[in-house]
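Asker: Sending over target11.txt (compact mmCIF, C-alpha atoms).
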# COMPACT_ATOMS: atom_id res chain seq x y z
CA MET A 121 59.72 84.33 28.06
CA ALA A 122 63.33 83.47 27.61
CA LYS A 123 64.22 79.81 27.35
CA ASP A 124 67.71 78.39 27.39
CA VAL A 125 69.03 74.86 27.21
CA GLU A 126 71.90 73.78 29.42
CA ALA A 127 73.90 70.54 29.16
CA ALA A 128 75.22 68.76 32.21
CA ALA A 129 77.71 65.95 31.94
CA GLY A 130 76.97 62.81 33.88
CA HIS A 131 78.14 59.21 33.61
CA GLY A 132 79.68 59.81 30.20
CA GLU A 133 76.46 61.28 28.74
CA TYR A 134 74.98 64.74 28.52
CA ALA A 135 71.64 65.29 30.17
CA VAL A 136 69.71 68.22 28.70
CA LYS A 137 68.29 70.58 31.28
CA ASP A 138 65.70 73.15 30.26
CA TYR A 139 64.64 76.18 32.18
CA THR A 140 62.04 78.81 31.53
CA ASP A 141 62.10 82.20 33.17
CA PRO A 142 58.81 82.84 34.94
CA PRO A 143 56.82 85.71 33.41
CA PRO A 144 57.24 89.11 35.11
CA ALA A 145 54.79 89.72 37.93
CA PRO A 146 52.13 92.30 37.07
CA LEU A 147 52.67 95.71 38.60
CA ILE A 148 49.19 95.69 40.15
CA ASP A 149 47.23 92.47 40.32
CA GLY A 150 43.80 93.13 41.80
CA GLU A 151 42.84 89.48 41.50
CA GLU A 152 45.62 88.65 43.96
CA LEU A 153 43.61 90.32 46.72
CA THR A 154 40.92 87.64 46.37
CA LYS A 155 43.34 84.74 46.95
CA TRP A 156 43.98 83.20 50.37
CA SER A 157 47.55 82.38 49.30
CA LEU A 158 48.44 86.10 49.46
CA TYR A 159 47.23 86.50 53.03
CA ARG A 160 48.75 83.19 54.08
CA ALA A 161 52.08 84.41 52.71
CA ALA A 162 51.74 87.73 54.57
CA ILE A 163 51.01 85.87 57.82
CA ALA A 164 54.10 83.73 57.23
CA GLU A 165 56.20 86.88 56.75
CA PHE A 166 54.75 88.39 59.94
CA ILE A 167 55.47 85.32 62.06
CA ALA A 168 58.93 84.78 60.56
CA THR A 169 59.98 88.39 61.15
CA MET A 170 58.60 88.31 64.69
CA LEU A 171 60.59 85.17 65.50
CA PHE A 172 63.67 86.63 63.81
CA LEU A 173 63.59 89.79 65.92
CA TYR A 174 62.76 87.98 69.13
CA VAL A 175 65.70 85.59 68.94
CA THR A 176 68.25 88.07 67.60
CA VAL A 177 67.44 91.02 69.85
CA ALA A 178 67.30 88.68 72.86
CA THR A 179 70.78 87.48 71.87
CA VAL A 180 72.07 91.06 71.69
CA ILE A 181 70.56 91.98 75.07
CA GLY A 182 71.87 88.78 76.66
CA TYR A 183 75.39 89.39 75.38
CA LYS A 184 75.45 92.97 76.64
CA HIS A 185 74.24 91.83 80.06
CA GLN A 186 76.80 89.01 80.32
CA SER A 187 79.65 91.30 79.21
CA ASP A 188 78.64 94.19 81.49
CA PRO A 189 81.61 94.98 83.82
CA ASN A 190 79.16 95.90 86.56
CA VAL A 191 77.64 92.41 86.39
CA ASN A 192 80.81 90.43 85.69
CA PRO A 193 83.75 92.57 86.83
CA THR A 194 86.40 89.84 86.59
CA ASP A 195 85.83 88.45 83.09
CA ALA A 196 83.44 90.78 81.28
CA ALA A 197 85.45 91.00 78.08
CA CYS A 198 85.33 87.23 77.53
CA SER A 199 81.74 86.66 78.62
CA GLY A 200 78.75 86.04 76.41
CA VAL A 201 78.54 85.00 72.78
CA GLY A 202 80.51 87.99 71.44
CA ILE A 203 80.12 89.67 68.05
CA VAL A 204 80.64 86.36 66.26
CA GLY A 205 77.82 84.80 68.26
CA ILE A 206 75.51 87.72 67.47
CA ALA A 207 76.35 87.40 63.78
CA TRP A 208 75.60 83.67 63.97
CA ALA A 209 72.24 84.40 65.62
CA PHE A 210 71.20 86.70 62.76
CA GLY A 211 72.57 84.49 59.99
CA GLY A 212 71.34 81.27 61.56
CA MET A 213 67.81 82.56 62.07
CA ILE A 214 67.64 83.75 58.47
CA PHE A 215 68.76 80.31 57.31
CA ILE A 216 66.10 78.61 59.45
CA LEU A 217 63.26 80.99 58.63
CA VAL A 218 63.94 81.22 54.90
CA TYR A 219 63.98 77.42 54.80
CA CYS A 220 60.66 77.28 56.66
CA THR A 221 58.81 79.96 54.70
CA ALA A 222 60.33 79.84 51.19
CA GLY A 223 57.57 77.57 49.89
CA ILE A 224 54.83 79.80 51.31
CA SER A 225 55.92 83.42 50.90
CA GLY A 226 59.34 83.19 49.30
CA GLY A 227 60.99 83.76 52.68
CA HIS A 228 61.76 87.48 52.31
CA ILE A 229 61.68 88.51 56.02
CA ASN A 230 63.18 91.86 54.96
CA PRO A 231 61.64 94.88 53.19
CA ALA A 232 64.90 95.41 51.27
CA VAL A 233 64.69 91.89 49.82
CA THR A 234 61.03 92.43 48.95
CA PHE A 235 61.87 95.78 47.33
CA GLY A 236 64.67 94.25 45.25
CA LEU A 237 62.44 91.42 44.07
CA PHE A 238 59.68 93.92 43.25
CA LEU A 239 62.07 95.96 41.10
CA ALA A 240 63.02 92.74 39.29
CA ARG A 241 59.31 92.05 38.69
CA LYS A 242 59.37 88.92 40.84
CA VAL A 243 56.45 90.12 42.99
CA SER A 244 53.59 92.53 42.37
CA LEU A 245 53.25 95.93 44.01
CA ILE A 246 50.31 94.72 46.10
CA ARG A 247 52.23 91.71 47.39
CA ALA A 248 55.33 93.82 48.06
CA LEU A 249 53.41 96.40 50.10
CA LEU A 250 51.55 93.73 52.09
CA TYR A 251 54.80 91.91 52.81
CA ILE A 252 56.56 95.07 53.99
CA ILE A 253 53.67 95.96 56.31
CA ALA A 254 53.63 92.41 57.71
CA GLN A 255 57.41 92.44 58.19
CA CYS A 256 57.37 95.76 60.06
CA LEU A 257 54.49 94.68 62.30
CA GLY A 258 56.20 91.35 62.96
CA ALA A 259 59.42 93.15 63.88
CA ILE A 260 57.59 95.41 66.34
CA CYS A 261 55.92 92.42 67.97
CA GLY A 262 59.18 90.45 68.14
CA VAL A 263 61.06 93.25 69.88
CA GLY A 264 58.00 93.86 72.06
CA LEU A 265 58.23 90.28 73.29
CA VAL A 266 61.86 90.79 74.27
CA LYS A 267 60.98 93.94 76.21
CA GLY A 268 58.01 92.21 77.83
CA PHE A 269 60.12 89.32 79.08
CA GLN A 270 63.15 91.33 80.24
CA LYS A 271 62.19 94.99 80.46
CA ALA A 272 64.98 96.13 82.80
CA PHE A 273 67.74 94.62 80.66
CA PHE A 274 66.06 95.82 77.46
CA VAL A 275 66.10 99.47 78.49
CA ARG A 276 69.54 99.30 80.13
CA TYR A 277 71.28 97.71 77.16
CA GLY A 278 69.85 99.73 74.29
CA GLY A 279 66.95 97.58 73.17
CA GLY A 280 68.88 96.08 70.29
CA ALA A 281 68.28 99.30 68.36
CA ASN A 282 70.44 100.17 65.37
CA GLU A 283 72.42 103.38 65.88
CA LEU A 284 75.46 104.87 64.19
CA SER A 285 78.46 104.16 66.42
CA ASP A 286 80.60 106.99 67.77
CA GLY A 287 83.49 107.95 65.53
CA TYR A 288 81.72 107.14 62.26
CA SER A 289 80.16 109.69 59.93
CA LYS A 290 76.63 109.32 58.59
CA GLY A 291 78.13 108.82 55.14
CA THR A 292 80.17 105.88 56.40
CA GLY A 293 77.12 104.35 58.05
CA LEU A 294 75.05 104.81 54.90
CA ALA A 295 77.76 103.22 52.74
CA ALA A 296 78.00 100.26 55.14
CA GLU A 297 74.25 99.69 54.87
CA ILE A 298 74.26 100.03 51.06
CA ILE A 299 77.13 97.59 50.57
CA GLY A 300 75.88 95.14 53.20
CA THR A 301 72.40 95.02 51.69
CA PHE A 302 73.86 94.67 48.20
CA VAL A 303 75.72 91.55 49.35
CA LEU A 304 72.53 90.10 50.84
CA VAL A 305 70.16 90.85 47.96
CA TYR A 306 72.74 89.82 45.34
CA THR A 307 73.03 86.50 47.16
CA VAL A 308 69.24 86.12 47.20
CA PHE A 309 69.06 86.64 43.43
CA SER A 310 71.95 84.27 42.76
CA ALA A 311 70.70 81.52 45.07
CA THR A 312 67.19 81.57 43.57
CA ASP A 313 68.13 82.07 39.91
CA PRO A 314 66.21 79.49 37.80
CA LYS A 315 69.01 79.40 35.20
CA ARG A 316 71.54 78.51 37.89
CA SER A 317 69.23 75.80 39.24
CA ALA A 318 68.96 74.23 35.78
CA ARG A 319 72.66 74.50 34.97
CA ASP A 320 73.83 73.20 38.34
CA SER A 321 71.01 70.72 38.93
CA HIS A 322 73.60 68.03 39.63
CA VAL A 323 74.97 70.11 42.51
CA PRO A 324 72.64 70.12 45.52
CA VAL A 325 72.48 73.73 46.75
CA LEU A 326 70.13 74.70 49.56
CA ALA A 327 69.23 78.33 48.80
CA PRO A 328 68.70 79.41 52.45
CA LEU A 329 72.27 78.41 53.31
CA PRO A 330 74.17 81.03 51.25
CA ILE A 331 71.55 83.63 52.18
CA GLY A 332 72.10 82.95 55.88
CA PHE A 333 75.86 83.02 55.41
CA ALA A 334 75.61 86.38 53.63
CA VAL A 335 73.77 87.82 56.64
CA PHE A 336 76.39 86.32 58.96
CA MET A 337 79.36 87.76 57.03
CA VAL A 338 77.82 91.22 56.67
CA HIS A 339 77.17 91.35 60.42
CA LEU A 340 80.82 90.59 61.14
CA ALA A 341 81.84 93.56 58.99
CA THR A 342 79.26 96.16 59.99
CA ILE A 343 78.26 95.51 63.62
CA PRO A 344 81.02 97.91 64.79
CA ILE A 345 79.70 100.65 62.46
CA THR A 346 75.90 100.59 62.62
CA GLY A 347 75.06 97.49 64.62
CA THR A 348 74.10 96.11 61.19
CA GLY A 349 70.70 96.94 59.82
CA ILE A 350 70.44 95.67 56.20
CA ASN A 351 66.80 95.06 57.10
CA PRO A 352 64.56 98.11 57.56
CA ALA A 353 61.96 96.11 59.48
CA ARG A 354 64.58 94.98 62.00
CA SER A 355 65.75 98.57 62.55
CA PHE A 356 62.21 100.00 62.61
CA GLY A 357 60.84 97.44 65.07
CA ALA A 358 63.65 98.03 67.54
CA ALA A 359 63.34 101.82 67.22
CA VAL A 360 59.58 101.72 67.85
CA ILE A 361 59.87 99.67 71.04
CA TYR A 362 63.09 101.27 72.36
CA ASN A 363 61.84 104.75 71.34
CA LYS A 364 64.92 106.89 72.06
CA ASP A 365 66.01 109.96 70.12
CA LYS A 366 69.31 108.52 68.85
CA ALA A 367 67.59 105.49 67.32
CA TRP A 368 65.09 107.73 65.52
CA ASP A 369 67.68 110.30 64.43
CA ASP A 370 69.65 107.56 62.64
CA GLN A 371 66.60 105.66 61.38
CA TRP A 372 66.77 107.09 57.85
CA ILE A 373 70.17 105.41 57.33
CA PHE A 374 68.56 102.01 57.90
CA TRP A 375 65.90 102.63 55.26
CA VAL A 376 67.72 104.62 52.59
CA GLY A 377 70.87 102.46 52.67
CA PRO A 378 69.17 99.06 52.37
CA LEU A 379 66.74 100.23 49.67
CA ILE A 380 69.58 101.67 47.58
CA GLY A 381 71.65 98.51 48.07
CA ALA A 382 68.70 96.33 47.07
CA ALA A 383 68.04 98.41 43.96
CA ILE A 384 71.69 98.19 42.85
CA ALA A 385 71.74 94.43 43.42
CA ALA A 386 68.53 93.95 41.43
CA ALA A 387 69.85 96.04 38.53
CA TYR A 388 73.23 94.30 38.56
CA HIS A 389 71.74 90.81 38.52
CA GLN A 390 68.92 91.44 36.05
CA TYR A 391 70.58 93.78 33.55
CA ILE A 392 74.24 92.77 33.69
CA LEU A 393 74.57 89.18 34.87
CA ARG A 394 71.35 88.05 33.19
CA ALA A 395 71.97 90.46 30.29
CA GLY A 396 68.49 91.93 30.53
CA ALA A 397 69.58 95.22 28.99
CA VAL A 398 71.28 93.47 26.05
CA LYS A 399 68.23 91.25 25.42
CA ALA A 400 65.91 94.25 25.57
CA LEU A 401 68.09 96.18 23.12
CA GLY A 402 68.26 93.19 20.77
CA SER A 403 64.48 92.80 20.87
CA PHE A 404 64.04 96.50 20.17
CA ARG A 405 66.37 96.36 17.17
CA SER A 406 64.69 93.25 15.74
CA ASN A 407 61.30 94.94 15.92
CA ALA A 408 62.57 98.20 14.45
Transcribe the structure of this file into structure tokens.

Answerer:
Amino acid sequence: MAKDVEAAAGHGEYAVKDYTDPPPAPLIDGEELTKWSLYRAAIAEFIATMLFLYVTVATVIGYKHQSDPNVNPTDAACSGVGIVGIAWAFGGMIFILVYCTAGISGGHINPAVTFGLFLARKVSLIRALLYIIAQCLGAICGVGLVKGFQKAFFVRYGGGANELSDGYSKGTGLAAEIIGTFVLVYTVFSATDPKRSARDSHVPVLAPLPIGFAVFMVHLATIPITGTGINPARSFGAAVIYNKDKAWDDQWIFWVGPLIGAAIAAAYHQYILRAGAVKALGSFRSNA
């Protein structure tokens, strides 16, 4: 385990702050399957993702209904929450739900986040797979609730499904998902870095806040391109319930893009910013 010492100035004195990197999670931890904490965490991920999809997809459907010229012919363009409001719904719900579940499951609510943390050895393979299953099931249930409560609007206004917008190539859509997910997962790593927490312990930083803002900003940039996925469970849940060919034809973009973006973010943070590659090389040379 790496251990560093950071000094923080305060009231004319230096207060020493220690931090210790947690040990890497085992690849496969069979003992984990016997612990209630694993299943409690999976339930938390399921409920959080269900609530996330319910509120956000309902916001999308509501906006499309309010801005429908057939419903509001005089002022359709200025009706509803708009793209900014939709972005706030996604970012705000992530802020709320990460805050609520961080102490139980880590507050992933996104298979891409779980995948990135797995690559960084923050969670085991068993936990990662259980989380991803719970997230996808939660997403399906969340979108199912929206359809159950407002079926006519749901079908008429696209079910909140992610699809590549007209005029954009699949390569552009894939790049948007890769970059958007990189921003999100990079923010997750930075906001939860134990070294940063020790170094900046005198600065109160609420980790869910920058994570929610990252989701908000990415939505502003990519809603016109793909409707913004950056969360395979979100895209999968909407596709399952909406179940139209276009949503399924584009579905691979919303899995491949986020997983690549998460992998790049994990590698960048662990091996460049945290100098994991340099430390590993130094350890190898010292043992040679």

Asker: Which residues are close to A:Met213, i.e. within 8 Å by only C-alpha atoms, leaving aside same-chain residues fewer than 4 positions away? Reply as a PyMOL selection string.

Answerer: chain A and resi 172+175-176+209+217+332

Asker: Would you write out those residues with C-alpha atoms, as a PDB file, keeping the file's coordinate frame?

Answerer:
ATOM      1  CA  PHE A 172      63.670  86.630  63.810  1.00  0.00           C
ATOM      2  CA  VAL A 175      65.700  85.590  68.940  1.00  0.00           C
ATOM      3  CA  THR A 176      68.250  88.070  67.600  1.00  0.00           C
ATOM      4  CA  ALA A 209      72.240  84.400  65.620  1.00  0.00           C
ATOM      5  CA  LEU A 217      63.260  80.990  58.630  1.00  0.00           C
ATOM      6  CA  GLY A 332      72.100  82.950  55.880  1.00  0.00           C
TER       7      GLY A 332
END

Asker: Please build the interface table for stretch 290-378 of chain A against stretch 241-263 of chain A with a cut-off of 12 Å, listing for each qualifying residue the nearest atom pair and the distance in Å to one decimal; count only C-alpha atoms, order rows by chain and increasing number, and write it as a Markdown table.

Answerer:
| residue | atom | partner | partner_atom | distance |
| --- | --- | --- | --- | --- |
| A:Phe309 | CA | A:Lys242 | CA | 10.3 |
| A:Thr312 | CA | A:Lys242 | CA | 11.1 |
| A:Asp313 | CA | A:Lys242 | CA | 11.2 |
| A:Asn351 | CA | A:Gln255 | CA | 9.8 |
| A:Pro352 | CA | A:Cys256 | CA | 8.0 |
| A:Ala353 | CA | A:Cys256 | CA | 4.6 |
| A:Arg354 | CA | A:Ala259 | CA | 5.8 |
| A:Ser355 | CA | A:Ala259 | CA | 8.4 |
| A:Phe356 | CA | A:Cys256 | CA | 6.9 |
| A:Gly357 | CA | A:Ile260 | CA | 4.0 |
| A:Ala358 | CA | A:Val263 | CA | 5.9 |
| A:Ala359 | CA | A:Ile260 | CA | 8.7 |
| A:Val360 | CA | A:Ile260 | CA | 6.8 |
| A:Ile361 | CA | A:Val263 | CA | 6.6 |
| A:Tyr362 | CA | A:Val263 | CA | 8.6 |
| A:Asn363 | CA | A:Ile260 | CA | 11.4 |
| A:Trp375 | CA | A:Cys256 | CA | 12.0 |

Asker: Take the residues just selected and output them with C-alpha atoms as a compact mmCIF listing (two decimals), in the frame of the given file.

Answerer:
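See selection_24.txt below for the written result:
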# COMPACT_ATOMS: atom_id res chain seq x y z
CA PHE A 309 69.06 86.64 43.43
CA THR A 312 67.19 81.57 43.57
CA ASP A 313 68.13 82.07 39.91
CA ASN A 351 66.80 95.06 57.10
CA PRO A 352 64.56 98.11 57.56
CA ALA A 353 61.96 96.11 59.48
CA ARG A 354 64.58 94.98 62.00
CA SER A 355 65.75 98.57 62.55
CA PHE A 356 62.21 100.00 62.61
CA GLY A 357 60.84 97.44 65.07
CA ALA A 358 63.65 98.03 67.54
CA ALA A 359 63.34 101.82 67.22
CA VAL A 360 59.58 101.72 67.85
CA ILE A 361 59.87 99.67 71.04
CA TYR A 362 63.09 101.27 72.36
CA ASN A 363 61.84 104.75 71.34
CA TRP A 375 65.90 102.63 55.26

Asker: Just give me the gap between atom CA of A:Thr346 and atom CA of A:Gly279 in Å, one decimal is fine.

Answerer: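 One can read the atom CA of A:Thr346 to atom CA of A:Gly279 distance as 14.2 Å.
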
Asker: Give me the residues near A:Val201 as a ChimeraX atom specification, where near means some atom within 10 Å (using all atoms listed in the file) and where sequence neighbours in that chain fewer than 6 positions away do not count.

Answerer: /A:179-180,182-184,186-187,207-209

Asker: Env of A:Ser310: 12 Å cut, atoms = all atoms listed in the file, seq-sep filter 5 positions within chain, self excluded. Answer as a list in words.

Answerer: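 Final neighbour list, sorted by chain and number: Leu237, Phe302, Val303, Leu304, Val305, Lys315, Arg316, Ser317, Val325, Leu326, Ala327, Pro328, Pro330, Ile331, Ala334, Ala385, Ala386, Tyr388, His389, Gln390, Leu393 and Arg394 of chain A.
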
Asker: Extract, using all atoms listed in the file, all DNA, RNA and protein residues at most 10 Å from A:Gly226, discarding same-chain residues fewer than 3 positions from it, and format them as a list in words.

Answerer: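 Contacts, with the query itself left out: Ala161, Ala164, Glu165, Val218, Tyr219, Cys220, Thr221, Ala222, Gly223, Ile229, Thr234, Val243 and Thr312 of chain A.
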
Asker: For A:Pro142, which residue out of A:Ala240, A:Met170, A:Ile216, A:Ala383 is the nearest one, using all atoms listed in the file?

Answerer: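 Smallest separation from A:Pro142 among the options: A:Ala240.
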